[in-house]
Each structure stands twice: as C-alpha cells, then as structure tokens.
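*Asks:* Quick one: this structure, given as structure tokens, is what I'll be asking you about.
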Amino acid sequence: MEVKPLKYTELPGLSKRQLSEHHDVLYAGYVKKYNEIIEKIATTDLTTANGTYSEIRELFVEKNFALNAIKLHESYFDNMTDKPVQLEGTVKRLIEERWGSVEKWQDEFIALGISARGWVVLAFDYNLGTLENYIYDMHNQGGVADTELVLVMDVYEHAYFLDYATARKDYITKFMEVIDWNVVNKRVAHQNN
Ligand SMILES: [Fe+2]
C-alpha cells in the first residue's frame, strides 16, 4: 500500500504545518505499519493460533487498526477542499430524507464531533438503505458492518491541536466549511442508480 498525496497544502482553517504533521507523519506511519504487518503475516506460524495471545491474532488485530486508520484518513483528507463546494444533489436529498433538513443532520453531526473520541462518519447503510451518522472511538472500534464511508471527520486531537489547542468546536466549525460535497456526492452516486 502506498501513501496517497494531499490534494492541497493548506486549507481555510487548517495550516500547512497542521496538515503535514497529520498527513506526512501520522497517516504515512499507518501505511508503513500496515505494509510491515502484511509482510509478517506471510511468515507467521499458523499452528500457534490462540485466542488469548498468538502472533497471528495480534497481527490481525493490528492489521484492522492500521487499515481502518488508512481508509478513514484517506477519506477524510479527500473530502476536504480549498475551494468551497455547495451541498447539493443526491447527498442533499438523502440527508433531507433521513433527517428532515440539512440543519438537523448538521446539528447531530457536530454534536457527535464533540462526543466522539476518534471519528465521526456519515455513512450509507446498505441494510437500512439510508445515510447514518456513526462515531468511531478508535480506528477499529465503532464501525458498523455493511456501511460505506461517505463523509469522514477526524476529531482526534492530532487533527487540530496545533491550530486550535483545545478548541475542538472551532475546528469542527471550520471543517464544515471546507467539505468537498462533490467528492461526497460521488461516493453516494452508485447506491442510487
Ligand atoms: Fe488523524
């Protein structure tokens, strides 16, 4: 797996330093570790498998952690833009169908941003057939099966602390202003064809 580059170097509300520490150091670190784990799995002794402790168990637990970290971070970086995009199209319709109004969805999404320990995700749920807001307290804790990431917001302190210190709500407010709704619309497009 390879590190995907950022589409921008800075954003209104997120500095170059904040973004490069987050992307080039933290996210790139997950990619490096994922590759290391995959290499180790290839030579692991499967006969020592054990539910309390075994090498294969630990490798697969951490593989989930690293892979979700990569997927969530790539979605997050990709659903922000330095050129503001209006919320419209399919995703607007699906939000209005599910929450009644964009404002109601946004209020819940922002409240979850304050409540989550890691991530807030707007996802398309294939069983329910609707968009849903979910929280992940860690990369590998909180995901719901059979759902697809549509809009991802990182609320770990590392995502904003250099720019905002403890003012998470200010970071969230800025995040809401730099969402690339074109990207979000592309992610939901195929579910409604
Ligand atoms: Fe992050």
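Lettering and numbering for the structure tokens are positional, with chains as A, B, ... in the shown order, residues counted from 1 in each chain, and ligands counted from 1 in the shown order.
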Hey, which residues sit close to ligand 1? Say within 8 Å, counting only C-alpha atoms and all ligand atoms, and write them as a list in words.
*Replies:*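 Taking only C-alpha atoms and all ligand atoms into account, the residues around ligand 1 at most 8 Å away are His22, His23, Leu26, Tyr27, Ala69, His73, Gly118, Asp154, Val155, Tyr156, His158 and Ala159 of chain A.
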*Asks:* Now that the selection is made, can you save its residues with C-alpha atoms as an mmCIF file, in the first residue's frame?
*Replies:*
```cif
data_model
loop_
_atom_site.group_PDB
_atom_site.id
_atom_site.type_symbol
_atom_site.label_atom_id
_atom_site.label_comp_id
_atom_site.auth_asym_id
_atom_site.auth_seq_id
_atom_site.Cartn_x
_atom_site.Cartn_y
_atom_site.Cartn_z
ATOM 1 C CA HIS A 22 -1.173 14.826 10.264
ATOM 2 C CA HIS A 23 -0.706 13.533 6.722
ATOM 3 C CA LEU A 26 0.742 10.160 11.288
ATOM 4 C CA TYR A 27 -1.141 8.859 8.256
ATOM 5 C CA ALA A 69 -6.690 4.229 10.049
ATOM 6 C CA HIS A 73 -7.674 9.175 6.899
ATOM 7 C CA GLY A 118 -11.778 9.479 17.179
ATOM 8 C CA ASP A 154 -11.222 13.259 12.209
ATOM 9 C CA VAL A 155 -11.698 14.544 15.761
ATOM 10 C CA TYR A 156 -8.593 13.049 17.333
ATOM 11 C CA HIS A 158 -3.796 15.317 16.472
ATOM 12 C CA ALA A 159 -6.144 16.538 13.701
#
```
*Asks:* For segment 90-99 of chain A, find every residue with an atom within 12 Å (counting only C-alpha atoms), except residues of its own chain fewer than 5 positions away, and show them as JSON, numbers by chain.
*Replies:* {"A": [104, 105, 106, 107, 108, 109, 122, 123, 124, 125, 128, 129, 130, 131, 132, 133, 150, 151, 180, 181, 182, 183, 184, 185, 186, 187, 188, 189, 190, 191, 192, 193]}
*Asks:* Would you save the residues from that selection as a CSV table (one decimal), in the first residue's frame, using C-alpha atoms?
*Replies:*
```csv
chain,number,residue,atom,x,y,z
A,104,LYS,CA,-30.9,18.8,11.7
A,105,TRP,CA,-28.3,16.5,10.2
A,106,GLN,CA,-25.6,19.1,10.7
A,107,ASP,CA,-26.6,19.6,14.4
A,108,GLU,CA,-26.3,15.9,15.0
A,109,PHE,CA,-23.0,15.5,13.1
A,122,LEU,CA,-21.7,9.9,7.6
A,123,ALA,CA,-22.1,6.5,6.0
A,124,PHE,CA,-24.5,4.8,3.6
A,125,ASP,CA,-26.0,1.9,5.4
A,128,LEU,CA,-31.2,0.4,6.3
A,129,GLY,CA,-30.9,2.0,2.8
A,130,THR,CA,-30.3,5.3,4.4
A,131,LEU,CA,-27.4,7.6,5.4
A,132,GLU,CA,-26.5,7.4,9.1
A,133,ASN,CA,-24.1,9.2,11.4
A,150,VAL,CA,-19.5,9.0,2.7
A,151,LEU,CA,-18.2,11.8,4.8
A,180,ASP,CA,-15.9,18.8,-0.7
A,181,TRP,CA,-19.5,17.9,-1.4
A,182,ASN,CA,-18.6,16.9,-5.0
A,183,VAL,CA,-16.5,14.0,-3.5
A,184,VAL,CA,-19.3,13.1,-1.1
A,185,ASN,CA,-21.8,13.0,-3.9
A,186,LYS,CA,-19.5,10.8,-6.0
A,187,ARG,CA,-19.4,8.3,-3.0
A,188,VAL,CA,-23.2,8.1,-2.8
A,189,ALA,CA,-23.9,8.1,-6.5
A,190,HIS,CA,-23.7,4.4,-7.2
A,191,GLN,CA,-26.0,3.4,-4.4
A,192,ASN,CA,-28.9,5.2,-6.1
A,193,ASN,CA,-28.5,4.1,-9.7
```
*Asks:* Write down as a ChimeraX atom specification the residues of chain A whose backbone DSSP state falls under helix (DSSP H, G or I).
*Replies:* /A:16-41,46-48,55-78,89-99,102-115,157-159,161-164,168-177,181-192
*Asks:* Just write the chosen residues, C-alpha atoms, as an mmCIF file, in the first residue's frame.
*Replies:*
```
data_model
loop_
_atom_site.group_PDB
_atom_site.id
_atom_site.type_symbol
_atom_site.label_atom_id
_atom_site.label_comp_id
_atom_site.auth_asym_id
_atom_site.auth_seq_id
_atom_site.Cartn_x
_atom_site.Cartn_y
_atom_site.Cartn_z
ATOM 1 C CA LYS A 16 0.210 23.708 6.289
ATOM 2 C CA ARG A 17 2.023 22.614 9.452
ATOM 3 C CA GLN A 18 -1.103 21.024 10.965
ATOM 4 C CA LEU A 19 -1.933 19.168 7.757
ATOM 5 C CA SER A 20 1.597 17.996 7.007
ATOM 6 C CA GLU A 21 2.148 16.629 10.536
ATOM 7 C CA HIS A 22 -1.173 14.826 10.264
ATOM 8 C CA HIS A 23 -0.706 13.533 6.722
ATOM 9 C CA ASP A 24 3.047 13.084 6.255
ATOM 10 C CA VAL A 25 3.833 11.768 9.722
ATOM 11 C CA LEU A 26 0.742 10.160 11.288
ATOM 12 C CA TYR A 27 -1.141 8.859 8.256
ATOM 13 C CA ALA A 28 2.074 7.849 6.455
ATOM 14 C CA GLY A 29 3.062 5.967 9.618
ATOM 15 C CA TYR A 30 -0.086 3.823 9.406
ATOM 16 C CA VAL A 31 0.707 2.914 5.794
ATOM 17 C CA LYS A 32 4.248 1.895 6.785
ATOM 18 C CA LYS A 33 2.997 -0.255 9.658
ATOM 19 C CA TYR A 34 0.283 -1.875 7.521
ATOM 20 C CA ASN A 35 2.907 -2.941 4.992
ATOM 21 C CA GLU A 36 5.096 -4.292 7.791
ATOM 22 C CA ILE A 37 2.155 -6.290 9.229
ATOM 23 C CA ILE A 38 1.294 -7.783 5.822
ATOM 24 C CA GLU A 39 4.901 -8.934 5.410
ATOM 25 C CA LYS A 40 4.909 -10.560 8.850
ATOM 26 C CA ILE A 41 1.594 -12.362 8.236
ATOM 27 C CA LEU A 46 -0.464 -20.613 11.992
ATOM 28 C CA THR A 47 -0.163 -23.644 14.274
ATOM 29 C CA THR A 48 0.378 -21.350 17.300
ATOM 30 C CA GLU A 55 1.247 -13.892 16.813
ATOM 31 C CA ILE A 56 -1.455 -14.411 14.157
ATOM 32 C CA ARG A 57 -4.117 -12.949 16.464
ATOM 33 C CA GLU A 58 -2.082 -9.859 17.314
ATOM 34 C CA LEU A 59 -1.134 -9.288 13.683
ATOM 35 C CA PHE A 60 -4.765 -9.438 12.532
ATOM 36 C CA VAL A 61 -5.994 -7.168 15.345
ATOM 37 C CA GLU A 62 -3.380 -4.556 14.442
ATOM 38 C CA LYS A 63 -3.986 -5.037 10.728
ATOM 39 C CA ASN A 64 -7.595 -3.911 11.282
ATOM 40 C CA PHE A 65 -6.355 -0.951 13.292
ATOM 41 C CA ALA A 66 -3.838 0.156 10.654
ATOM 42 C CA LEU A 67 -6.099 -0.492 7.657
ATOM 43 C CA ASN A 68 -9.060 1.382 9.130
ATOM 44 C CA ALA A 69 -6.690 4.229 10.049
ATOM 45 C CA ILE A 70 -5.594 4.384 6.412
ATOM 46 C CA LYS A 71 -9.123 4.202 4.952
ATOM 47 C CA LEU A 72 -10.568 6.752 7.367
ATOM 48 C CA HIS A 73 -7.674 9.175 6.899
ATOM 49 C CA GLU A 74 -7.741 8.932 3.092
ATOM 50 C CA SER A 75 -11.492 9.572 3.070
ATOM 51 C CA TYR A 76 -11.075 12.477 5.488
ATOM 52 C CA PHE A 77 -8.290 14.207 3.568
ATOM 53 C CA ASP A 78 -10.102 13.619 0.297
ATOM 54 C CA GLY A 89 -27.523 16.805 -5.467
ATOM 55 C CA THR A 90 -28.057 13.243 -4.250
ATOM 56 C CA VAL A 91 -26.416 13.607 -0.867
ATOM 57 C CA LYS A 92 -28.554 16.642 -0.040
ATOM 58 C CA ARG A 93 -31.694 14.705 -0.957
ATOM 59 C CA LEU A 94 -30.629 11.675 1.116
ATOM 60 C CA ILE A 95 -29.808 13.877 4.118
ATOM 61 C CA GLU A 96 -33.191 15.614 3.879
ATOM 62 C CA GLU A 97 -34.998 12.266 3.562
ATOM 63 C CA ARG A 98 -33.246 10.881 6.637
ATOM 64 C CA TRP A 99 -33.124 13.925 8.957
ATOM 65 C CA VAL A 102 -29.725 19.697 6.368
ATOM 66 C CA GLU A 103 -29.646 21.727 9.605
ATOM 67 C CA LYS A 104 -30.907 18.772 11.662
ATOM 68 C CA TRP A 105 -28.278 16.453 10.173
ATOM 69 C CA GLN A 106 -25.589 19.067 10.742
ATOM 70 C CA ASP A 107 -26.604 19.612 14.379
ATOM 71 C CA GLU A 108 -26.290 15.870 15.047
ATOM 72 C CA PHE A 109 -23.005 15.544 13.117
ATOM 73 C CA ILE A 110 -21.463 18.456 15.048
ATOM 74 C CA ALA A 111 -22.717 17.124 18.406
ATOM 75 C CA LEU A 112 -21.121 13.777 17.556
ATOM 76 C CA GLY A 113 -17.918 15.641 16.713
ATOM 77 C CA ILE A 114 -17.847 16.838 20.307
ATOM 78 C CA SER A 115 -18.786 13.388 21.629
ATOM 79 C CA GLU A 157 -6.632 15.872 18.955
ATOM 80 C CA HIS A 158 -3.796 15.317 16.472
ATOM 81 C CA ALA A 159 -6.144 16.538 13.701
ATOM 82 C CA PHE A 161 -4.341 20.646 18.216
ATOM 83 C CA LEU A 162 -1.513 22.600 16.521
ATOM 84 C CA ASP A 163 -4.043 25.105 15.126
ATOM 85 C CA TYR A 164 -6.799 25.085 17.744
ATOM 86 C CA ARG A 168 -12.390 21.405 19.155
ATOM 87 C CA LYS A 169 -15.691 23.088 18.334
ATOM 88 C CA ASP A 170 -13.895 25.840 16.381
ATOM 89 C CA TYR A 171 -12.074 23.170 14.352
ATOM 90 C CA ILE A 172 -15.387 21.403 13.652
ATOM 91 C CA THR A 173 -16.965 24.678 12.514
ATOM 92 C CA LYS A 174 -14.107 25.187 10.048
ATOM 93 C CA PHE A 175 -14.269 21.576 8.888
ATOM 94 C CA MET A 176 -17.944 22.005 7.969
ATOM 95 C CA GLU A 177 -16.941 24.933 5.719
ATOM 96 C CA TRP A 181 -19.521 17.896 -1.441
ATOM 97 C CA ASN A 182 -18.558 16.852 -4.983
ATOM 98 C CA VAL A 183 -16.478 14.039 -3.517
ATOM 99 C CA VAL A 184 -19.273 13.121 -1.091
ATOM 100 C CA ASN A 185 -21.793 13.043 -3.941
ATOM 101 C CA LYS A 186 -19.535 10.757 -5.978
ATOM 102 C CA ARG A 187 -19.367 8.333 -3.043
ATOM 103 C CA VAL A 188 -23.156 8.062 -2.773
ATOM 104 C CA ALA A 189 -23.871 8.128 -6.507
ATOM 105 C CA HIS A 190 -23.684 4.418 -7.240
ATOM 106 C CA GLN A 191 -26.028 3.418 -4.414
ATOM 107 C CA ASN A 192 -28.911 5.182 -6.061
#
```
*Asks:* One number please: atom CA of Ile179 of chain A to atom CA of Leu11 of chain A, in Å, one decimal.
*Replies:*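 Between these atoms lies a distance of 10.6 Å.
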